[in-house]
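Shown next: run-v5.pdb, given as PDB, C-alpha atoms, pLDDT in the B column.
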MODEL        1
ATOM      1  CA  MET A  36      47.827  75.008  36.250  1.00 50.00           C
ATOM      2  CA  ALA A  37      47.974  71.514  37.765  1.00 58.00           C
ATOM      3  CA  GLU A  38      45.132  69.137  37.026  1.00 60.00           C
ATOM      4  CA  GLU A  39      43.308  67.811  40.080  1.00 60.00           C
ATOM      5  CA  THR A  40      42.326  64.160  40.388  1.00 55.00           C
ATOM      6  CA  TYR A  41      39.210  63.056  42.244  1.00 52.00           C
ATOM      7  CA  TYR A  42      38.781  59.453  43.310  1.00 53.00           C
ATOM      8  CA  SER A  43      35.369  59.581  44.962  1.00 56.00           C
ATOM      9  CA  ASP A  44      33.574  58.168  41.895  1.00 58.00           C
ATOM     10  CA  MET A  45      35.968  55.240  41.337  1.00 54.00           C
ATOM     11  CA  GLN A  46      34.706  51.706  41.930  1.00 60.00           C
ATOM     12  CA  ASP A  47      36.527  48.424  42.381  1.00 60.00           C
ATOM     13  CA  VAL A  48      35.725  46.058  39.534  1.00 59.00           C
ATOM     14  CA  ASN A  49      35.732  42.358  40.298  1.00 62.00           C
ATOM     15  CA  THR A  50      35.511  39.818  37.497  1.00 60.00           C
ATOM     16  CA  ASP A  51      34.839  36.125  37.873  1.00 65.00           C
ATOM     17  CA  HIS A  52      37.146  35.123  35.013  1.00 59.00           C
ATOM     18  CA  MET A  53      40.871  35.133  34.423  1.00 62.00           C
ATOM     19  CA  PRO A  54      42.029  37.990  32.143  1.00 65.00           C
ATOM     20  CA  ALA A  55      44.043  35.615  29.925  1.00 76.00           C
ATOM     21  CA  ARG A  56      44.390  31.893  29.428  1.00 82.00           C
ATOM     22  CA  PRO A  57      47.279  30.226  31.314  1.00 91.00           C
ATOM     23  CA  LEU A  58      50.464  30.238  29.214  1.00 91.00           C
ATOM     24  CA  LYS A  59      53.928  28.782  29.693  1.00 93.00           C
ATOM     25  CA  PHE A  60      57.329  29.511  28.114  1.00 93.00           C
ATOM     26  CA  PHE A  61      59.385  26.652  26.613  1.00 94.00           C
ATOM     27  CA  LYS A  62      62.724  26.459  24.766  1.00 94.00           C
ATOM     28  CA  ASP A  63      63.230  23.960  21.972  1.00 93.00           C
ATOM     29  CA  ARG A  64      66.404  21.995  21.153  1.00 92.00           C
ATOM     30  CA  GLU A  65      67.653  24.793  18.876  1.00 94.00           C
ATOM     31  CA  GLY A  66      67.265  27.373  21.658  1.00 93.00           C
ATOM     32  CA  TYR A  67      64.162  29.104  20.303  1.00 93.00           C
ATOM     33  CA  GLY A  68      61.624  30.284  22.866  1.00 93.00           C
ATOM     34  CA  TRP A  69      57.965  29.320  22.494  1.00 94.00           C
ATOM     35  CA  LEU A  70      54.877  30.718  24.205  1.00 92.00           C
ATOM     36  CA  CYS A  71      52.340  27.932  24.636  1.00 94.00           C
ATOM     37  CA  ASP A  72      49.149  27.034  26.418  1.00 94.00           C
ATOM     38  CA  LYS A  73      50.082  25.687  29.838  1.00 92.00           C
ATOM     39  CA  ASN A  74      48.926  22.102  29.251  1.00 92.00           C
ATOM     40  CA  ILE A  75      50.658  21.268  25.944  1.00 94.00           C
ATOM     41  CA  ASP A  76      52.932  18.227  25.572  1.00 94.00           C
ATOM     42  CA  PRO A  77      56.525  19.566  25.405  1.00 93.00           C
ATOM     43  CA  GLN A  78      57.664  16.316  23.740  1.00 94.00           C
ATOM     44  CA  LYS A  79      55.515  17.071  20.654  1.00 95.00           C
ATOM     45  CA  ASP A  80      55.885  19.761  17.985  1.00 95.00           C
ATOM     46  CA  PHE A  81      55.156  23.195  19.470  1.00 96.00           C
ATOM     47  CA  ARG A  82      53.794  24.808  16.294  1.00 95.00           C
ATOM     48  CA  THR A  83      51.243  22.031  15.633  1.00 97.00           C
ATOM     49  CA  GLN A  84      49.962  22.480  19.201  1.00 96.00           C
ATOM     50  CA  GLY A  85      49.260  26.177  18.578  1.00 95.00           C
ATOM     51  CA  CYS A  86      52.362  27.661  20.231  1.00 95.00           C
ATOM     52  CA  TRP A  87      53.966  30.914  19.055  1.00 93.00           C
ATOM     53  CA  ARG A  88      57.710  31.157  18.456  1.00 94.00           C
ATOM     54  CA  CYS A  89      58.926  34.240  20.329  1.00 89.00           C
ATOM     55  CA  ASP A  90      61.348  35.528  17.670  1.00 88.00           C
ATOM     56  CA  GLU A  91      58.461  35.608  15.188  1.00 88.00           C
ATOM     57  CA  MET A  92      56.308  37.749  17.485  1.00 82.00           C
ATOM     58  CA  ALA A  93      56.245  41.490  18.082  1.00 77.00           C
ATOM     59  CA  PHE A  94      57.683  41.029  21.584  1.00 62.00           C
ATOM     60  CA  PRO A  95      60.659  38.634  21.402  1.00 54.00           C
ATOM     61  CA  ASP A  96      62.093  37.077  24.526  1.00 57.00           C
ATOM     62  CA  GLY A  97      65.243  39.220  24.350  1.00 61.00           C
ATOM     63  CA  GLY A  98      67.435  36.989  22.229  1.00 57.00           C
ATOM     64  CA  ARG A  99      69.326  33.828  22.901  1.00 55.00           C
TER      65      ARG A  99
ENDMDL
END
Would you encode the structure as structure tokens?
Amino acid sequence: MAEETYYSDMQDVNTDHMPARPLKFFKDREGYGWLCDKNIDPQKDFRTQGCWRCDEMAFPDGGR
């Protein structure tokens, strides 16, 4: 028997905040991808600025 879906009780939810902080993807001189806060200085060390190296994370950028 097919399950029926009713939408009459659904409500639109509007939040006044962004769901995540703004991030940006960078590649270093060795070709590694880094996920960083949007406003970091790409001329400085990524790790010391709190960036995550993509190949060390659970969702890599797909290789080089």
>> I need the output of the PyMOL selection byres ((chain A and resi 86) around 8) for this file as a list in words; which residues are they?
In response: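 When the PyMOL selection byres ((chain A and resi 86) around 8) is applied to the shown file, the picked residues are Trp69, Leu70, Cys71, Asp72, Phe81, Arg82, Thr83, Gln84, Gly85, Trp87 and Arg88 of chain A.
Contact shell of Gly68 of chain A at 8 Å (all atoms listed in the file; same-chain neighbours under 3 positions omitted): Phe60, Phe61, Lys62, Asp63, Arg88, Cys89, Asp90 and Asp96 of chain A.
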>> To one decimal place in Å, what is the distance between atom CA of Ala93 of chain A and atom CA of Pro57 of chain A?
In response: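 These two atoms are separated by 19.6 Å.
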Report as lines of an AutoDock Vina configuration file the centre and the edge lengths, in Å to one decimal, of the axis-aligned box holding every listed atom of segment 60-72 of chain A, padded by 8 Å on each side.
center_x = 58.4
center_y = 26.4
center_z = 23.5
size_x = 34.5
size_y = 24.7
size_z = 25.2
